[in-house]
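Have a look at the structure below, then the notes.
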There are 2 protein chains.
Amino acid sequence: MTGRNRRSGMREVAQAAGVSVSTVANVLSRPAIVAPETRQRVEAAIAGVGYVPHGPARQLRGVPSPMVGSITLDLANPFYAEVNRGIEDRLAPEGCLLLAGSTDLREDKETRLLRLLQAQAVRGVIISPFGTDLSRLLALSRQGTPVVLVDHPGDGLGLCAVGADDVLGGRLAGEHLLALGHRRIAYLGDSVNPAPVAGRREGLRQALAGFGLDPSAALLDLRLQLRPPSLTEAAAAAAEQILSASPPVTAVVCLNDTAALGLLDGLEDQGVRVPQDLSVVGYDDLSFARRLTPPLTTVRQSPYRLGETAADLLLDEARDRHEHRQVRLEPELVVRASTAPPYAP
Amino acid sequence: MTGRNRRSGMREVAQAAGVSVSTVANVLSRPAIVAPETRQRVEAAIAGVGYVPHGPARQLRGVPSPMVGSITLDLANPFYAEVNRGIEDRLAPEGCLLLAGSTDLREDKETRLLRLLQAQAVRGVIISPFGTDLSRLLALSRQGTPVVLVDHPGDGLGLCAVGADDVLGGRLAGEHLLALGHRRIAYLGDSVNPAPVAGRREGLRQALAGFGLDPSAALLDLRLQLRPPSLTEAAAAAAEQILSASPPVTAVVCLNDTAALGLLDGLEDQGVRVPQDLSVVGYDDLSFARRLTPPLTTVRQSPYRLGETAADLLLDEARDRHEHRQVRLEPELVVRASTAPPYAP
DNA sequence: GTGAAAGCGCTAACAA
DNA sequence: TTGTTAGCGCTTTCAC
């Protein structure tokens, strides 16, 4: 009984209203120009045939696309999910739509997404890059597609960027542990080094150095394969490696809360008590961090605000006289029960 | 030195290679047809000018859009974030891109997203609807845009759908509590009733009735404003209401783990011990559930598989001779430490 | 106030 | 094997 009716265009509307297509177009874009009576007839026809303007055709005529690409490391990661939400909320009032993709820290995936977004001629791209070679992004930007880096310092590049001060965050974590009496600390990081992961490591080193320790001796610098989708499992598996370190470490700083969650599981399996036997610090302060067993000491940042800010920067690119800016958000140490003075036998 | 160079099209490529546009088109879509030498020249020209095909123009000529819309209640909710990831992973090999949006259980937002997706003439729409009136979705589907419901039973509608068996899930939770000795149970639900929320409630009622209790007496049916983005806060605020119930309840089933997380916070603030004073059951088994304080008894389902399946159904819609199907996934009770026999003074 | 006509970048049928 | 041509649905001059 149905028979999928083909989508109807302006022609059908014009025909139904007994006017020309350009009159329909006028009703849509400059209603004031059209005689009230004609306008009513056209509006009725639009409703009657269920007309919806065809985006791609408009785009071909020069109307900008409503779509904004958001490329993150993993859209299922609660951190980036929040980033995306911040972007979405800021973009929706502008009539924009979010095109979300995940790279899993893999160059081929990033390249593919970038190509697709470019092919779609999106209004702009917000990306949390993981490599050090951002030349493709610069090229995209120069070519006319606004590009904003998110969760990245963006220093020295000719691009807008929002990031948290990860060096400071790492330093806060390190100083907290040093104050508790820890002198040898592990950093659970990834083999690939997106800017935030590297920044936190650097902050830790600074804290150790500032305390008069030799970072290369005091820091056990783990670089594991901590990729989506099994970040927690990989972190759990790291427990063994951390426990067998020699000389032993008394505290671990994790690249993020999700990894910390996994590590806590792994430590429990090994019969290690946190914080009595080992202190653990997370990063991000995701909503569950405060209710973990034990409640997680972590460095708080607001992915939602990161996303909002990125969207703001992107919207600003549309203005003429736009100047690229780099925004830096301040992280904050949140001390809970997963850290304590080292065990003194 | 820069001066955003306009995007170059087939014409520039053709000119650079000294051929016509249709030869360029041929190189792109039927390379075998073109003389090897010509092809090489064209390919060089493509690389030279950095040509990327213009999606909207292709779409106008009938090439299907690579974009698939995904409308969920909240893309920042870890559950839907996983759903989206499942969709993305299944769609990427098909060259598709995910257009993600959140409705926050608000009809105006849903309507807006649907209109935008329709305007873009997307390849299909995957949606977790929250209302009971799905006529707009049916209309969209009949009009030729494949529509798949996710996290929804989809019974009787002429649409593809994937959902978990929420009634069973609610029943499992209820039977578990009954077996522990609980006789009066609260269900922490939302004032808006997406299918899963209602299904779980119904399952609970069935469990109570099957045990010979009167559901309307044994069930405290809370219907709160549990909307994004502050679901946890709202759930925390529900603690008071639950504790002051008369006759008192000894257990609470939450519509999902995120609400359970909030409720646990609220209960702690009130000095209530879980599970000694009150048992709490979550729903979903998100990654953090097993490490909460206390570890959460919950009903496990796999949002990732929900997403994958939805994507499969959507892809299948493209086939001729497609039959709409409703897929039902089985949830599973996971008993942890947040439930125990009721306190007997 | 309304309509005719050109053309956005591309594809595909057809001609050469 | 390659080129010419006619639109896809829309916006936008420019006549009427």
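Labels used: A, B, ... for chains in the order of the structure tokens, numbers from 1 for residues in each chain, and numbers from 1 for ligands as shown.
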
Under the rule of at most 8 Å, produce a per-residue listing of chain B near chain A: chain, number, name, the closest pair of atoms, and the distance in Å, as a Markdown table, using only C-alpha atoms.
| residue | atom | partner | partner_atom | distance |
| --- | --- | --- | --- | --- |
| B:Thr2 | CA | A:Arg142 | CA | 6.8 |
| B:Gly3 | CA | A:Arg142 | CA | 7.4 |
| B:Arg4 | CA | A:Gln143 | CA | 5.0 |
| B:Asn5 | CA | A:Gln143 | CA | 5.5 |
| B:Arg6 | CA | A:Gln143 | CA | 6.6 |
| B:Arg7 | CA | A:Gln143 | CA | 6.7 |
| B:Val52 | CA | A:Ala119 | CA | 5.8 |
| B:Pro53 | CA | A:Ala119 | CA | 5.7 |
| B:His54 | CA | A:Ala119 | CA | 5.2 |
| B:Gly55 | CA | A:Gln120 | CA | 4.9 |
| B:Pro56 | CA | A:Pro56 | CA | 4.6 |
| B:Ala57 | CA | A:Leu60 | CA | 6.3 |
| B:Gln59 | CA | A:Pro56 | CA | 6.9 |
| B:Leu60 | CA | A:Ala57 | CA | 6.3 |
| B:Leu75 | CA | A:Ala81 | CA | 6.5 |
| B:Ala76 | CA | A:Ala81 | CA | 4.6 |
| B:Asn77 | CA | A:Ala81 | CA | 7.5 |
| B:Pro78 | CA | A:Pro78 | CA | 6.0 |
| B:Ala81 | CA | A:Ala76 | CA | 4.6 |
| B:Glu82 | CA | A:Ala76 | CA | 5.1 |
| B:Asn84 | CA | A:Ala76 | CA | 7.3 |
| B:Arg85 | CA | A:Ala76 | CA | 5.8 |
| B:Glu88 | CA | A:Gly101 | CA | 7.4 |
| B:Leu97 | CA | A:Leu99 | CA | 7.0 |
| B:Leu98 | CA | A:Leu99 | CA | 5.6 |
| B:Leu99 | CA | A:Leu99 | CA | 4.4 |
| B:Ala100 | CA | A:Leu98 | CA | 5.7 |
| B:Gly101 | CA | A:Leu98 | CA | 6.8 |
| B:Arg115 | CA | A:Val52 | CA | 7.7 |
| B:Leu116 | CA | A:Leu97 | CA | 7.9 |
| B:Gln118 | CA | A:Val52 | CA | 7.3 |
| B:Ala119 | CA | A:His54 | CA | 5.2 |
| B:Gln120 | CA | A:Gly55 | CA | 4.8 |
| B:Ala121 | CA | A:His54 | CA | 7.1 |
| B:Arg142 | CA | A:Arg4 | CA | 5.1 |
| B:Gln143 | CA | A:Arg4 | CA | 5.1 |
| B:Gly144 | CA | A:Arg4 | CA | 5.5 |
| B:Leu261 | CA | A:Phe288 | CA | 7.3 |
| B:Asp265 | CA | A:Arg291 | CA | 7.7 |
| B:Phe288 | CA | A:Phe288 | CA | 6.7 |
| B:Arg291 | CA | A:Leu292 | CA | 5.4 |
| B:Leu292 | CA | A:Leu292 | CA | 4.4 |
| B:Thr293 | CA | A:Thr293 | CA | 5.4 |
| B:Pro294 | CA | A:Thr293 | CA | 7.6 |

Export C-alpha atoms of the chosen residues as a PDB file, in the first residue's frame?
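New file result-v6.pdb:
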ATOM      1  CA  THR B   2      49.170  31.630   1.969  1.00  0.00           C
ATOM      2  CA  GLY B   3      45.871  33.094   0.672  1.00  0.00           C
ATOM      3  CA  ARG B   4      43.412  30.258   1.010  1.00  0.00           C
ATOM      4  CA  ASN B   5      43.412  28.715  -2.437  1.00  0.00           C
ATOM      5  CA  ARG B   6      39.940  27.816  -3.529  1.00  0.00           C
ATOM      6  CA  ARG B   7      39.200  24.130  -3.690  1.00  0.00           C
ATOM      7  CA  VAL B  52      39.204  15.728  -3.662  1.00  0.00           C
ATOM      8  CA  PRO B  53      35.811  14.909  -5.182  1.00  0.00           C
ATOM      9  CA  HIS B  54      32.992  17.127  -4.034  1.00  0.00           C
ATOM     10  CA  GLY B  55      30.539  14.972  -2.118  1.00  0.00           C
ATOM     11  CA  PRO B  56      27.467  17.190  -2.351  1.00  0.00           C
ATOM     12  CA  ALA B  57      27.801  17.453  -6.120  1.00  0.00           C
ATOM     13  CA  GLN B  59      25.071  13.294  -4.195  1.00  0.00           C
ATOM     14  CA  LEU B  60      23.110  15.606  -6.429  1.00  0.00           C
ATOM     15  CA  LEU B  75      25.891  10.988  23.200  1.00  0.00           C
ATOM     16  CA  ALA B  76      27.902  11.724  26.329  1.00  0.00           C
ATOM     17  CA  ASN B  77      26.171   8.970  28.245  1.00  0.00           C
ATOM     18  CA  PRO B  78      28.672   6.091  28.240  1.00  0.00           C
ATOM     19  CA  ALA B  81      28.674   6.465  23.429  1.00  0.00           C
ATOM     20  CA  GLU B  82      29.290   2.722  23.179  1.00  0.00           C
ATOM     21  CA  ASN B  84      27.710   4.946  18.659  1.00  0.00           C
ATOM     22  CA  ARG B  85      31.064   3.228  18.650  1.00  0.00           C
ATOM     23  CA  GLU B  88      30.837   3.561  13.712  1.00  0.00           C
ATOM     24  CA  LEU B  97      30.443   8.567   8.467  1.00  0.00           C
ATOM     25  CA  LEU B  98      28.503   9.014  11.676  1.00  0.00           C
ATOM     26  CA  LEU B  99      26.323  12.057  12.232  1.00  0.00           C
ATOM     27  CA  ALA B 100      25.674  11.982  15.961  1.00  0.00           C
ATOM     28  CA  GLY B 101      23.107  13.987  17.884  1.00  0.00           C
ATOM     29  CA  ARG B 115      14.731  17.535   9.880  1.00  0.00           C
ATOM     30  CA  LEU B 116      18.395  18.249   9.460  1.00  0.00           C
ATOM     31  CA  GLN B 118      16.353  14.552   6.158  1.00  0.00           C
ATOM     32  CA  ALA B 119      17.576  17.772   4.582  1.00  0.00           C
ATOM     33  CA  GLN B 120      21.018  16.252   4.209  1.00  0.00           C
ATOM     34  CA  ALA B 121      19.467  13.222   2.554  1.00  0.00           C
ATOM     35  CA  ARG B 142       8.238   5.326   3.908  1.00  0.00           C
ATOM     36  CA  GLN B 143       9.743   8.301   2.198  1.00  0.00           C
ATOM     37  CA  GLY B 144      12.813   6.264   1.409  1.00  0.00           C
ATOM     38  CA  LEU B 261      26.173   5.973  40.751  1.00  0.00           C
ATOM     39  CA  ASP B 265      26.415   9.291  46.416  1.00  0.00           C
ATOM     40  CA  PHE B 288      33.024   1.229  36.265  1.00  0.00           C
ATOM     41  CA  ARG B 291      34.721  -1.108  40.922  1.00  0.00           C
ATOM     42  CA  LEU B 292      32.228   1.174  42.599  1.00  0.00           C
ATOM     43  CA  THR B 293      31.913   1.410  46.354  1.00  0.00           C
ATOM     44  CA  PRO B 294      30.225  -0.996  46.807  1.00  0.00           C
TER      45      PRO B 294
END

>> Residues of segment 304-338 of chain A classed as strand (DSSP E) by DSSP on the backbone are to be reported as number ranges by chain.
In response: A: 326-329, 332-334

Selection from above, N, CA and C atoms, as a PDB file, in the first residue's frame, can you write it?
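Resulting contents of out.pdb:
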ATOM      1  N   GLN A 326      45.229  30.268  20.956  1.00  0.00           N
ATOM      2  CA  GLN A 326      45.448  29.031  21.705  1.00  0.00           C
ATOM      3  C   GLN A 326      44.939  29.238  23.119  1.00  0.00           C
ATOM      4  N   VAL A 327      43.962  28.443  23.515  1.00  0.00           N
ATOM      5  CA  VAL A 327      43.388  28.579  24.849  1.00  0.00           C
ATOM      6  C   VAL A 327      43.913  27.455  25.735  1.00  0.00           C
ATOM      7  N   ARG A 328      44.240  27.806  26.957  1.00  0.00           N
ATOM      8  CA  ARG A 328      44.781  26.821  27.889  1.00  0.00           C
ATOM      9  C   ARG A 328      43.893  26.772  29.126  1.00  0.00           C
ATOM     10  N   LEU A 329      43.337  25.612  29.423  1.00  0.00           N
ATOM     11  CA  LEU A 329      42.503  25.475  30.621  1.00  0.00           C
ATOM     12  C   LEU A 329      43.342  24.937  31.780  1.00  0.00           C
ATOM     13  N   GLU A 332      43.159  20.720  37.926  1.00  0.00           N
ATOM     14  CA  GLU A 332      43.067  20.893  39.373  1.00  0.00           C
ATOM     15  C   GLU A 332      43.240  19.530  40.049  1.00  0.00           C
ATOM     16  N   LEU A 333      44.101  19.476  41.031  1.00  0.00           N
ATOM     17  CA  LEU A 333      44.329  18.206  41.727  1.00  0.00           C
ATOM     18  C   LEU A 333      43.176  17.907  42.680  1.00  0.00           C
ATOM     19  N   VAL A 334      42.689  16.678  42.639  1.00  0.00           N
ATOM     20  CA  VAL A 334      41.636  16.265  43.561  1.00  0.00           C
ATOM     21  C   VAL A 334      42.174  15.090  44.370  1.00  0.00           C
TER      22      VAL A 334
END

> Within 7 Å of chain B, which residues of chain D show up when using only C-alpha atoms (C1' of nucleotides), listed as a PyMOL selection string?
Replying inline: chain D and resi 1-3+8

Once you have the residues from the selection above, write them out as a PDB file, in the first residue's frame, restricted to C-alpha atoms (C1' of nucleotides).
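Below is the file selection21.pdb, written as the result:
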ATOM      1  C1'  DT D   1      39.471   5.816 -26.190  1.00  0.00           C
ATOM      2  C1'  DT D   2      37.908  10.472 -25.502  1.00  0.00           C
ATOM      3  C1'  DG D   3      34.787  14.502 -25.669  1.00  0.00           C
ATOM      4  C1'  DC D   8      20.598  16.575 -10.465  1.00  0.00           C
TER       5       DC D   8
END

>> Going by DSSP on the backbone, which residues of segment 52-107 of chain B come out as helix (DSSP H, G or I)? List them as a list in words.
In response: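 Everything in segment 52-107 of chain B that counts as helix (DSSP H, G or I) is Gly55, Pro56, Ala57, Arg58, Gln59, Leu60, Pro78, Phe79, Tyr80, Ala81, Glu82, Val83, Asn84, Arg85, Gly86, Ile87, Glu88, Asp89, Arg90, Leu91, Ala92, Pro93, Glu94 and Glu107 of chain B.
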
For the residues in the current selection, export C-alpha atoms as a PDB file, in the first residue's frame.
ATOM      1  CA  GLY B  55      30.539  14.972  -2.118  1.00  0.00           C
ATOM      2  CA  PRO B  56      27.467  17.190  -2.351  1.00  0.00           C
ATOM      3  CA  ALA B  57      27.801  17.453  -6.120  1.00  0.00           C
ATOM      4  CA  ARG B  58      28.063  13.696  -6.431  1.00  0.00           C
ATOM      5  CA  GLN B  59      25.071  13.294  -4.195  1.00  0.00           C
ATOM      6  CA  LEU B  60      23.110  15.606  -6.429  1.00  0.00           C
ATOM      7  CA  PRO B  78      28.672   6.091  28.240  1.00  0.00           C
ATOM      8  CA  PHE B  79      25.944   3.706  27.216  1.00  0.00           C
ATOM      9  CA  TYR B  80      25.062   5.580  24.045  1.00  0.00           C
ATOM     10  CA  ALA B  81      28.674   6.465  23.429  1.00  0.00           C
ATOM     11  CA  GLU B  82      29.290   2.722  23.179  1.00  0.00           C
ATOM     12  CA  VAL B  83      26.281   2.301  20.945  1.00  0.00           C
ATOM     13  CA  ASN B  84      27.710   4.946  18.659  1.00  0.00           C
ATOM     14  CA  ARG B  85      31.064   3.228  18.650  1.00  0.00           C
ATOM     15  CA  GLY B  86      29.454  -0.030  17.604  1.00  0.00           C
ATOM     16  CA  ILE B  87      27.694   1.758  14.785  1.00  0.00           C
ATOM     17  CA  GLU B  88      30.837   3.561  13.712  1.00  0.00           C
ATOM     18  CA  ASP B  89      32.947   0.422  13.615  1.00  0.00           C
ATOM     19  CA  ARG B  90      30.408  -1.388  11.498  1.00  0.00           C
ATOM     20  CA  LEU B  91      29.841   1.485   9.143  1.00  0.00           C
ATOM     21  CA  ALA B  92      33.432   2.592   8.569  1.00  0.00           C
ATOM     22  CA  PRO B  93      34.267  -0.322   6.247  1.00  0.00           C
ATOM     23  CA  GLU B  94      31.313   0.752   4.118  1.00  0.00           C
ATOM     24  CA  GLU B 107      10.855  16.413  21.340  1.00  0.00           C
TER      25      GLU B 107
END

> Which chain C residues are at most 8 Å from chain A (counting only C-alpha atoms (C1' of nucleotides)), as a VMD selection string?
Replying inline: chain C and resid 1 to 3 8 to 9

The selected residues should be written to file as a PDB file, in the first residue's frame (atoms: N, CA and C atoms (P, O5', C5', C4', C3', O3' and C1' of nucleotides)).
ATOM      1  P    DG C   1       5.930  44.073  -3.909  1.00  0.00           P
ATOM      2  O5'  DG C   1       5.448  42.724  -4.574  1.00  0.00           O
ATOM      3  C5'  DG C   1       4.085  42.596  -4.912  1.00  0.00           C
ATOM      4  C4'  DG C   1       3.966  41.525  -5.951  1.00  0.00           C
ATOM      5  C3'  DG C   1       4.432  40.142  -5.484  1.00  0.00           C
ATOM      6  O3'  DG C   1       3.589  39.189  -6.128  1.00  0.00           O
ATOM      7  C1'  DG C   1       5.776  40.840  -7.320  1.00  0.00           C
ATOM      8  P    DT C   2       3.738  37.647  -6.021  1.00  0.00           P
ATOM      9  O5'  DT C   2       4.506  37.246  -7.336  1.00  0.00           O
ATOM     10  C5'  DT C   2       3.790  37.261  -8.569  1.00  0.00           C
ATOM     11  C4'  DT C   2       4.733  36.918  -9.690  1.00  0.00           C
ATOM     12  C3'  DT C   2       5.330  35.513  -9.632  1.00  0.00           C
ATOM     13  O3'  DT C   2       4.727  34.756 -10.677  1.00  0.00           O
ATOM     14  C1'  DT C   2       6.931  37.150 -10.308  1.00  0.00           C
ATOM     15  P    DG C   3       5.198  33.250 -10.940  1.00  0.00           P
ATOM     16  O5'  DG C   3       6.293  33.509 -12.068  1.00  0.00           O
ATOM     17  C5'  DG C   3       5.883  34.077 -13.305  1.00  0.00           C
ATOM     18  C4'  DG C   3       7.040  34.100 -14.280  1.00  0.00           C
ATOM     19  C3'  DG C   3       7.713  32.743 -14.509  1.00  0.00           C
ATOM     20  O3'  DG C   3       8.065  32.668 -15.885  1.00  0.00           O
ATOM     21  C1'  DG C   3       9.324  34.276 -13.741  1.00  0.00           C
ATOM     22  P    DC C   8      29.625  27.385 -12.849  1.00  0.00           P
ATOM     23  O5'  DC C   8      29.850  26.851 -11.365  1.00  0.00           O
ATOM     24  C5'  DC C   8      29.691  27.667 -10.212  1.00  0.00           C
ATOM     25  C4'  DC C   8      29.188  26.795  -9.078  1.00  0.00           C
ATOM     26  C3'  DC C   8      29.786  25.393  -9.093  1.00  0.00           C
ATOM     27  O3'  DC C   8      30.915  25.367  -8.207  1.00  0.00           O
ATOM     28  C1'  DC C   8      27.389  25.345  -8.721  1.00  0.00           C
ATOM     29  P    DG C   9      32.330  24.897  -8.722  1.00  0.00           P
ATOM     30  O5'  DG C   9      32.213  23.308  -8.704  1.00  0.00           O
ATOM     31  C5'  DG C   9      32.024  22.638  -7.472  1.00  0.00           C
ATOM     32  C4'  DG C   9      31.748  21.182  -7.768  1.00  0.00           C
ATOM     33  C3'  DG C   9      32.796  20.499  -8.651  1.00  0.00           C
ATOM     34  O3'  DG C   9      33.145  19.273  -8.022  1.00  0.00           O
ATOM     35  C1'  DG C   9      30.643  20.189  -9.561  1.00  0.00           C
TER      36       DG C   9
END

Nearby residues (only C-alpha atoms (C1' of nucleotides)) at most 9 Å from Glu317 of chain B, same-chain spacing under 6 positions excluded, as a compact mmCIF listing (two decimals) with C-alpha atoms, in the first residue's frame:
# COMPACT_ATOMS: atom_id res chain seq x y z
CA GLY B 124 19.93 6.21 6.90
CA PRO B 146 16.08 3.68 6.04
CA VAL B 147 15.28 3.98 9.74
CA CYS B 160 13.89 -2.62 11.85
CA GLU B 323 12.41 -7.57 5.29
CA HIS B 324 12.13 -5.48 8.43

> Could you work out how far atom CA of Arg321 of chain B lies from atom CA of Leu159 of chain B, giving the answer in Å with one decimal?
Replying inline: 14.4 Å
